[in-house]
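This report concerns only the one structure given below.
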Amino acid sequence: MSATGRTLRLAVDVGGTFTDVTLFDPATGSLLSAKTTTTPQNRALGVLDGIHAALQAADANAARVAEVVHGSTTGTNALIERTGARVGLLTTQGFRDVLEIGRIMRPDAGLYDFSVDLPLPLVPRHLRLEVPERLDAQGKVLLALDERAVIDAARIFAREGVEAVAVCFLFAFLDPRHEEAAERILAKHLPGVPISLSSRVCPEIREYERSSTTVINAYLTPVMSTYLDSLQARLHESLGPVRLSVIQANGGATSIAAARRKSVTTVNSGPAGGVVAAAFYGRRNGRDRLVSVDMGGTSFDIGLVENGVCAVTTEGSFQGLPVRVPIIDLHIIGAGGGSIAFRDPGGAIQVGPQSAGAEPGPACYGRGGTRPTVTDANLVLGRLSADYFNGGRMRLHAESAHRAVRALAEQMGMSVEETALGIVRVVNANMAKGIAAVTILRGIDVRDFSLLSFGGAGGVHAVELARALSMREAIVPPLPGTFSAVGLLVTDVRHDYVVALGGIRANDVVPGDLEASYRELEREAAEELAAEGFQGSSATFVRIADLKVAGQTYELSLPLPERGPVTRTGVDALIDAFARLYRERYAFFFDGEPIEIVNLRLAALGHNDPIVLPAAERGHPDPAVARKGTRPVYFESAGFLDTAIYERSRLRPGMVVEGPALVEEQTSSTLVPPGSHAEVLEDFGLVIPLAEDQSQGDRA
């Protein structure tokens with residue numbers, strides 16, 4: 001125990017419907033969770049409710065809490081709802097409309113739709129101001145910064161009530177001095193207004209993406225600062241001097257000071273925690289190729305784990321706006337338990353993306369919701385228990401669910417059960433399509449992957465979803481309803497750094513120059529990690545490079561294949577690794593193609609003490625001790641079947657649960673259809689093998 005007696009770590013994942021909290025006690029190795037309703041008007045209230053529920057479940061005192069790790073939806077919601085700060089953009093003369101012009105590309109769904117609208121820029125045109133200054137493509141000054149023009153711009157921003165400023169000058173990633181001079185002037189004339197410089201937020205080539213990333217950062221900085229300051233004050237008032245960490249979109253944690261400076265990195269932080277947890281769980285259980293899916297109340301979050309690590313990209317987007325920072329490669333669709341079902345103009349059932357959210361929620365919550373949702377459909381089909389939802393803390397209203405589904409059934413001319421099953425089939429199809437977008441459409445054979453399904457609704461849909469994609473097995477991990485919060489506990493502190501080279505031929509680089517650049521990044525990273533308490537073996541660095549074929553637009557990122565100083569042999573190995581990755585992604589690569597190194601990246605990791613999942617030795621194989629009754633459950637092929645109900649906490653490793661069955665627990669349920677079985681692992685995870693019953697189906 002620490003000198004202060006504060007040893008507990010808490011993770012909080014705020015979702016659209018529920019707030020999930022997981023507590024880890026390093027002294028005992030215990031890991032438990034709690035789920036409370038999200039409070040949209042003031043999310044900090046739901047956070048505190050969840051923390052107190054977890055402490056109560058652990059019979060622990062608030063004075064024992066050392067750290068709260070937070071996955072925040074504040075930035076995500078601000079982008080979705082367009083409720084961020086009033087931003088002014090200061091840019092190089094002649095580049096005022098970069099955000100408007102973009103890449104002159106339409107979304108995939110609108111390739112042939114000339115009426116499709118792209119997202120409006122976060123900065124209106126009258127707040128995008130130009131100043132004379134210019135660097136060339138090598139960073140040489142062609143035109144000095146006009147400081148008088150910066151002062152004039154500051155006065156306009158002040159008159160317009162700008163709450164944050166983004167500064168993005170041409171080629172500033174090669175020399176930031178003009179941006180830094182503009183910052184000093186703006187700070188003098190706009191006291192208290194946060195300023196985001198592209199040379200700090202996104203010091204990389206590509207003017208549009210760099211401008212967009214810097215503007216998003218400025219747009220979110222006041223919102224995130226207000227939220228984090230309020231939350232920290234409430235935590236200190238309720239728990240005492242605890243450390244507050246924030247999860248980033250790259251899957252790593254950071255301090256609230258760093259989160260204020262680079263607020264853009266906090267978008268999609270909760271879903272990122274789920275993929276981190278999936279990679280952690282897969283490594284523990286010998287599954288290094290996973291499709292990670294988190295089905296919550298509002299969204300369905302899809303991630304990919306290959307070779308035991310999360311897929312990270314620097315070419316992502318938030319709400320259709322490009323971002324150029326390392327983020328976990330996530331695909332999010334509106335398909336959750338609260339997704340609303342309706343009859344479209346063509347007479348077919350559609351589900352989502354609109355959600356009933358936390359307020360009023362699905363009809364079965366009894367809070368005024370009247371439209372049918374996926375949760376209502378699952379309750380009608382018997383796949384959820386009205387008396388044991390959220391461990392019995394929340395009673396569902398079966399009559400309200402039937403009433404909502406019946407209204408849609410009457411429109412469709414179908415029975416209530418057929419309509420409920422139709423809702424489930426449609427949402428499953430939507431989810432399968434979403435998974436295909438990050439696997440099959442990228443040339444990845446999803447049949448080689450296991451489906452790791454979690455979230456409050458994930459276990460109910462896991463097997464049917466894996467079958468639809470011909471995957472080899474479905475896995476429901478322990479604590480599935482709060483599994484993303486587990487990911488917040490297992491993640492490391494992470495800071496990312498980049499040096500833009502602009503594109504130099506890999507065969508012509510001087511290894512010593514690359515080594516010098518990496519060492520400078522590592523010096524800066526070591527200082528930042530040391531300030532957060534990570535030194536020696538608890539701080540490690542991963543060297544990464546972005547490479548591309550000369551003349552192409554986009555690059556691939558990959559870690560340097562050798563440890564130690566950069567050598568000519570190491571550069572050659574990097575080129576070979578790029579060729580292999582290129583061939584794997586695009587099915588061909590012309591040997592001898594000129595390769596360029598575009599960026600050098602460094603991921604600096606501060607390693608937290610590892611957590612452990614509950615585990616037990618194999619016991620008696622008969623699961624009858626965990627059986628708590630039966631109930632009719634509706635299946636497509638057989639209608640209602642008398643289905644065994646098991647309590648997951650009473651299952652033991654080695655047990656096999658034969659379908660049809662439902663395995664219920666505090667925060668989720670797992671459906672084992674007829675013809676399938678679930679095997680209980682040592683850490684109480686449930687594995688439902690599918691290859692055998694699929695091959696039988698193929699033979700049939």
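All residue names refer to the structure tokens as shown: chains lettered A, B, ... in order, residues numbered from 1 in each chain, ligands numbered from 1 in order.
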
List every residue of region 406-469 of chain A that DSSP, applied to the backbone, labels as strand (DSSP E), and write the result as a PDB file with all heavy atoms, in the first residue's frame.
```
ATOM      1  N   SER A 450     -11.309 -13.919 -34.886  1.00  0.00           N
ATOM      2  CA  SER A 450     -12.327 -14.183 -33.869  1.00  0.00           C
ATOM      3  C   SER A 450     -13.087 -12.890 -33.613  1.00  0.00           C
ATOM      4  O   SER A 450     -12.516 -11.794 -33.689  1.00  0.00           O
ATOM      5  CB  SER A 450     -11.678 -14.661 -32.565  1.00  0.00           C
ATOM      6  OG  SER A 450     -10.902 -15.811 -32.764  1.00  0.00           O
ATOM      7  N   LEU A 451     -14.359 -13.004 -33.295  1.00  0.00           N
ATOM      8  CA  LEU A 451     -15.168 -11.839 -32.943  1.00  0.00           C
ATOM      9  C   LEU A 451     -15.170 -11.700 -31.421  1.00  0.00           C
ATOM     10  O   LEU A 451     -15.608 -12.608 -30.712  1.00  0.00           O
ATOM     11  CB  LEU A 451     -16.603 -11.991 -33.450  1.00  0.00           C
ATOM     12  CG  LEU A 451     -17.517 -10.801 -33.146  1.00  0.00           C
ATOM     13  CD1 LEU A 451     -17.191  -9.635 -34.073  1.00  0.00           C
ATOM     14  CD2 LEU A 451     -18.989 -11.177 -33.282  1.00  0.00           C
ATOM     15  N   LEU A 452     -14.647 -10.588 -30.924  1.00  0.00           N
ATOM     16  CA  LEU A 452     -14.709 -10.294 -29.492  1.00  0.00           C
ATOM     17  C   LEU A 452     -15.798  -9.249 -29.307  1.00  0.00           C
ATOM     18  O   LEU A 452     -15.652  -8.102 -29.713  1.00  0.00           O
ATOM     19  CB  LEU A 452     -13.382  -9.771 -28.974  1.00  0.00           C
ATOM     20  CG  LEU A 452     -13.314  -9.620 -27.456  1.00  0.00           C
ATOM     21  CD1 LEU A 452     -13.178 -10.986 -26.797  1.00  0.00           C
ATOM     22  CD2 LEU A 452     -12.171  -8.725 -27.022  1.00  0.00           C
ATOM     23  N   SER A 453     -16.908  -9.672 -28.721  1.00  0.00           N
ATOM     24  CA  SER A 453     -18.101  -8.831 -28.649  1.00  0.00           C
ATOM     25  C   SER A 453     -18.387  -8.461 -27.201  1.00  0.00           C
ATOM     26  O   SER A 453     -18.469  -9.323 -26.331  1.00  0.00           O
ATOM     27  CB  SER A 453     -19.300  -9.569 -29.259  1.00  0.00           C
ATOM     28  OG  SER A 453     -20.435  -8.741 -29.314  1.00  0.00           O
ATOM     29  N   PHE A 454     -18.544  -7.165 -26.956  1.00  0.00           N
ATOM     30  CA  PHE A 454     -18.813  -6.695 -25.604  1.00  0.00           C
ATOM     31  C   PHE A 454     -19.712  -5.481 -25.664  1.00  0.00           C
ATOM     32  O   PHE A 454     -20.310  -5.179 -26.692  1.00  0.00           O
ATOM     33  CB  PHE A 454     -17.502  -6.413 -24.858  1.00  0.00           C
ATOM     34  CG  PHE A 454     -16.534  -5.520 -25.608  1.00  0.00           C
ATOM     35  CD1 PHE A 454     -16.508  -4.154 -25.406  1.00  0.00           C
ATOM     36  CD2 PHE A 454     -15.645  -6.073 -26.523  1.00  0.00           C
ATOM     37  CE1 PHE A 454     -15.619  -3.345 -26.100  1.00  0.00           C
ATOM     38  CE2 PHE A 454     -14.752  -5.265 -27.222  1.00  0.00           C
ATOM     39  CZ  PHE A 454     -14.742  -3.897 -27.007  1.00  0.00           C
TER      40      PHE A 454
END
```

Polymer residues at most 10 Å from Phe590 (chain A), only C-alpha atoms, same-chain spacing of 3 or more positions, as an MDAnalysis selection string:
chainID A and resid 549 579 582:583 593:594

Using only C-alpha atoms, which residues sit within 9 Å of Val509 (chain A) once same-chain residues fewer than 5 positions away are excluded, as a ChimeraX atom specification?
/A:504,514,568,571,597

Which residues come within 9 Å of Ala137 (chain A), counting only C-alpha atoms, excluding same-chain residues fewer than 4 positions away, as number ranges by chain?
A: 170-171, 174, 502

8 Å contact set for Gly308 (chain A), only C-alpha atoms, chain neighbours under 3 positions out, as a ChimeraX atom specification
/A:279-280,282-283,287-289,305

Long-range neighbours of Ile645 (chain A) as an MDAnalysis selection string, 6 Å cut-off, only C-alpha atoms, 6 positions minimum in chain
chainID A and resid 627:630 661:663

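Interatomic distance, CA of Leu384 (chain A) to CA of Val460 (chain A): 8.4 Å.
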
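Close contacts of region 677-682 of chain A, defined as residues with an atom at most 8 Å away when counting only C-alpha atoms, with chain neighbours fewer than 5 positions off set aside, comprise Ala615, Ala616, Glu617, Arg618, Leu651, Arg652, Pro653, Gly654, Met655, Val656, Val657, Glu658, Gly659, Val672, Val687, Ile688 and Pro689 of chain A.
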
Could the residues in this selection be saved with all heavy atoms as a CSV table (one decimal), in the first residue's frame?
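The new file out-v9.csv reads:
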```
chain,number,residue,atom,x,y,z
A,615,ALA,N,-9.5,-15.1,-12.2
A,615,ALA,CA,-9.2,-16.4,-12.8
A,615,ALA,C,-9.4,-17.4,-11.7
A,615,ALA,O,-9.4,-17.2,-10.5
A,615,ALA,CB,-7.7,-16.4,-13.2
A,616,ALA,N,-9.7,-18.7,-12.2
A,616,ALA,CA,-9.9,-19.8,-11.3
A,616,ALA,C,-9.5,-21.1,-11.9
A,616,ALA,O,-9.4,-21.1,-13.2
A,616,ALA,CB,-11.4,-19.8,-10.9
A,617,GLU,N,-9.2,-22.1,-11.1
A,617,GLU,CA,-8.8,-23.4,-11.7
A,617,GLU,C,-10.1,-24.1,-12.2
A,617,GLU,O,-11.2,-23.8,-11.7
A,617,GLU,CB,-8.1,-24.2,-10.6
A,617,GLU,CG,-6.8,-23.7,-10.2
A,617,GLU,CD,-6.1,-24.5,-9.2
A,617,GLU,OE1,-6.8,-25.6,-8.8
A,617,GLU,OE2,-5.0,-24.2,-8.8
A,618,ARG,N,-9.9,-25.0,-13.1
A,618,ARG,CA,-11.1,-25.7,-13.6
A,618,ARG,C,-11.7,-26.6,-12.5
A,618,ARG,O,-11.0,-27.2,-11.7
A,618,ARG,CB,-10.6,-26.7,-14.7
A,618,ARG,CG,-10.3,-25.9,-16.0
A,618,ARG,CD,-9.8,-26.8,-17.1
A,618,ARG,NE,-9.6,-26.0,-18.3
A,618,ARG,CZ,-10.5,-25.9,-19.3
A,618,ARG,NH1,-11.6,-26.5,-19.2
A,618,ARG,NH2,-10.2,-25.1,-20.4
A,651,LEU,N,-20.7,-19.8,-13.0
A,651,LEU,CA,-20.0,-20.7,-13.9
A,651,LEU,C,-18.5,-20.8,-13.5
A,651,LEU,O,-18.0,-19.9,-12.9
A,651,LEU,CB,-20.1,-20.2,-15.3
A,651,LEU,CG,-21.5,-20.2,-16.0
A,651,LEU,CD1,-21.5,-19.5,-17.3
A,651,LEU,CD2,-22.0,-21.7,-16.1
A,652,ARG,N,-17.9,-21.9,-13.9
A,652,ARG,CA,-16.5,-22.2,-13.5
A,652,ARG,C,-15.8,-22.6,-14.8
A,652,ARG,O,-16.3,-23.2,-15.7
A,652,ARG,CB,-16.4,-23.2,-12.4
A,652,ARG,CG,-16.8,-22.7,-11.1
A,652,ARG,CD,-15.9,-21.6,-10.6
A,652,ARG,NE,-16.4,-21.0,-9.3
A,652,ARG,CZ,-17.2,-19.9,-9.2
A,652,ARG,NH1,-17.6,-19.3,-10.3
A,652,ARG,NH2,-17.5,-19.4,-8.0
A,653,PRO,N,-14.4,-22.3,-14.8
A,653,PRO,CA,-13.7,-22.7,-16.0
A,653,PRO,C,-13.8,-24.2,-16.3
A,653,PRO,O,-13.8,-25.0,-15.4
A,653,PRO,CB,-12.2,-22.4,-15.6
A,653,PRO,CG,-12.4,-21.3,-14.6
A,653,PRO,CD,-13.6,-21.6,-13.9
A,654,GLY,N,-13.9,-24.5,-17.6
A,654,GLY,CA,-14.1,-25.9,-18.0
A,654,GLY,C,-15.5,-26.3,-18.3
A,654,GLY,O,-15.7,-27.3,-18.9
A,655,MET,N,-16.4,-25.5,-17.8
A,655,MET,CA,-17.9,-25.9,-18.0
A,655,MET,C,-18.2,-25.6,-19.4
A,655,MET,O,-17.7,-24.7,-20.1
A,655,MET,CB,-18.8,-25.1,-17.1
A,655,MET,CG,-18.7,-25.5,-15.6
A,655,MET,SD,-19.8,-24.5,-14.6
A,655,MET,CE,-19.6,-25.3,-13.0
A,656,VAL,N,-19.2,-26.3,-19.9
A,656,VAL,CA,-19.7,-26.1,-21.3
A,656,VAL,C,-21.2,-25.9,-21.2
A,656,VAL,O,-21.9,-26.8,-20.7
A,656,VAL,CB,-19.4,-27.3,-22.2
A,656,VAL,CG1,-20.0,-27.1,-23.6
A,656,VAL,CG2,-17.9,-27.5,-22.3
A,657,VAL,N,-21.7,-24.8,-21.7
A,657,VAL,CA,-23.1,-24.5,-21.7
A,657,VAL,C,-23.7,-24.8,-23.1
A,657,VAL,O,-23.3,-24.1,-24.1
A,657,VAL,CB,-23.3,-23.0,-21.3
A,657,VAL,CG1,-24.8,-22.6,-21.4
A,657,VAL,CG2,-22.8,-22.7,-19.9
A,658,GLU,N,-24.6,-25.7,-23.2
A,658,GLU,CA,-25.2,-26.1,-24.4
A,658,GLU,C,-26.4,-25.2,-24.7
A,658,GLU,O,-27.2,-24.8,-23.9
A,658,GLU,CB,-25.7,-27.5,-24.4
A,658,GLU,CG,-24.6,-28.6,-24.2
A,658,GLU,CD,-23.7,-28.7,-25.4
A,658,GLU,OE1,-24.1,-28.3,-26.5
A,658,GLU,OE2,-22.6,-29.4,-25.3
A,659,GLY,N,-26.5,-24.8,-26.0
A,659,GLY,CA,-27.6,-24.0,-26.4
A,659,GLY,C,-28.9,-24.8,-26.7
A,659,GLY,O,-28.8,-26.0,-26.9
A,672,VAL,N,-26.7,-18.0,-26.4
A,672,VAL,CA,-26.1,-19.2,-27.0
A,672,VAL,C,-27.3,-19.9,-27.8
A,672,VAL,O,-28.1,-20.6,-27.2
A,672,VAL,CB,-25.5,-20.2,-26.0
A,672,VAL,CG1,-24.8,-21.4,-26.7
A,672,VAL,CG2,-24.6,-19.5,-25.1
A,687,VAL,N,-16.4,-18.6,-24.8
A,687,VAL,CA,-16.0,-18.8,-26.2
A,687,VAL,C,-17.0,-19.7,-26.9
A,687,VAL,O,-17.3,-20.8,-26.4
A,687,VAL,CB,-14.6,-19.5,-26.3
A,687,VAL,CG1,-14.3,-19.8,-27.8
A,687,VAL,CG2,-13.5,-18.6,-25.8
A,688,ILE,N,-17.6,-19.2,-28.0
A,688,ILE,CA,-18.6,-20.0,-28.7
A,688,ILE,C,-18.0,-20.4,-30.1
A,688,ILE,O,-17.9,-19.5,-31.0
A,688,ILE,CB,-19.9,-19.3,-28.9
A,688,ILE,CG1,-20.6,-18.9,-27.5
A,688,ILE,CG2,-21.0,-20.1,-29.7
A,688,ILE,CD1,-20.3,-17.4,-27.1
A,689,PRO,N,-17.5,-21.6,-30.2
A,689,PRO,CA,-16.9,-22.0,-31.5
A,689,PRO,C,-18.0,-22.1,-32.6
A,689,PRO,O,-19.1,-22.6,-32.3
A,689,PRO,CB,-16.3,-23.4,-31.2
A,689,PRO,CG,-16.3,-23.5,-29.7
A,689,PRO,CD,-17.4,-22.7,-29.2
```

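Minimum atom-to-atom distances from A:Thr91, A:Ser415, A:Ser292, A:Thr226 to Thr214 (chain A) were compared using only C-alpha atoms, and the lowest value belongs to A:Thr91.
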
Per-residue nearest contacts region 269-344 of chain A to region 352-368 of chain A, cut-off 10 Å, using only C-alpha atoms, as a Markdown table:
```
| residue | atom | partner | partner_atom | distance |
| --- | --- | --- | --- | --- |
| A:Gly297 | CA | A:Gly357 | CA | 6.7 |
| A:Thr298 | CA | A:Ser355 | CA | 5.7 |
| A:Ser299 | CA | A:Pro353 | CA | 8.2 |
| A:Ile333 | CA | A:Pro353 | CA | 7.2 |
| A:Gly334 | CA | A:Pro353 | CA | 4.1 |
| A:Ala335 | CA | A:Gly352 | CA | 6.0 |
| A:Gly336 | CA | A:Ser355 | CA | 7.6 |
| A:Gly337 | CA | A:Pro362 | CA | 8.1 |
| A:Gly338 | CA | A:Ser355 | CA | 5.1 |
| A:Ser339 | CA | A:Ser355 | CA | 4.2 |
| A:Ile340 | CA | A:Gly352 | CA | 5.2 |
| A:Ala341 | CA | A:Gly352 | CA | 6.4 |
| A:Phe342 | CA | A:Gly352 | CA | 8.4 |
```

Saved selection, atoms kept: N, CA and C atoms, as a compact mmCIF listing (two decimals), in the first residue's frame:
```txt
# COMPACT_ATOMS: atom_id res chain seq x y z
N GLY A 297 -25.46 1.47 -25.94
CA GLY A 297 -26.83 1.94 -26.08
C GLY A 297 -27.05 2.77 -27.31
N THR A 298 -25.98 3.45 -27.80
CA THR A 298 -26.14 4.40 -28.89
C THR A 298 -25.40 3.98 -30.15
N SER A 299 -24.21 3.42 -29.99
CA SER A 299 -23.36 3.15 -31.16
C SER A 299 -22.82 1.74 -31.14
N ILE A 333 -20.75 3.11 -36.09
CA ILE A 333 -22.03 3.27 -36.75
C ILE A 333 -23.13 3.40 -35.69
N GLY A 334 -24.26 3.94 -36.09
CA GLY A 334 -25.39 4.11 -35.17
C GLY A 334 -26.20 2.84 -35.07
N ALA A 335 -25.69 1.88 -34.30
CA ALA A 335 -26.38 0.60 -34.13
C ALA A 335 -26.16 0.12 -32.71
N GLY A 336 -26.96 0.60 -31.78
CA GLY A 336 -26.85 0.20 -30.39
C GLY A 336 -28.18 -0.29 -29.88
N GLY A 337 -28.22 -0.62 -28.59
CA GLY A 337 -29.47 -1.09 -28.00
C GLY A 337 -30.58 -0.06 -28.08
N GLY A 338 -30.21 1.22 -28.08
CA GLY A 338 -31.22 2.27 -28.14
C GLY A 338 -31.58 2.72 -29.54
N SER A 339 -30.98 2.10 -30.58
CA SER A 339 -31.27 2.50 -31.96
C SER A 339 -32.75 2.29 -32.28
N ILE A 340 -33.36 3.28 -32.90
CA ILE A 340 -34.80 3.29 -33.13
C ILE A 340 -35.14 2.61 -34.46
N ALA A 341 -36.16 1.74 -34.41
CA ALA A 341 -36.63 1.04 -35.61
C ALA A 341 -37.84 1.77 -36.19
N PHE A 342 -37.94 1.77 -37.54
CA PHE A 342 -39.06 2.45 -38.19
C PHE A 342 -39.30 1.83 -39.57
```

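Among the candidate residues A:Asn599, A:Thr254, A:Thr667, A:Gln41, the one lying nearest to Ala531 (chain A) is A:Thr254, with distances computed using only C-alpha atoms.
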
Selected residue of minimal separation from Ser245 (chain A) among A:His331, A:Arg395, A:Lys433, A:Arg494, counting only C-alpha atoms:
A:Arg494

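Within region 290-405 of chain A, residues classed as alpha helix (DSSP H) by DSSP on backbone coordinates are Val374, Thr375, Asp376, Ala377, Asn378, Leu379, Val380, Ala398, Glu399, Ser400, Ala401, His402, Arg403, Ala404 and Val405 of chain A.
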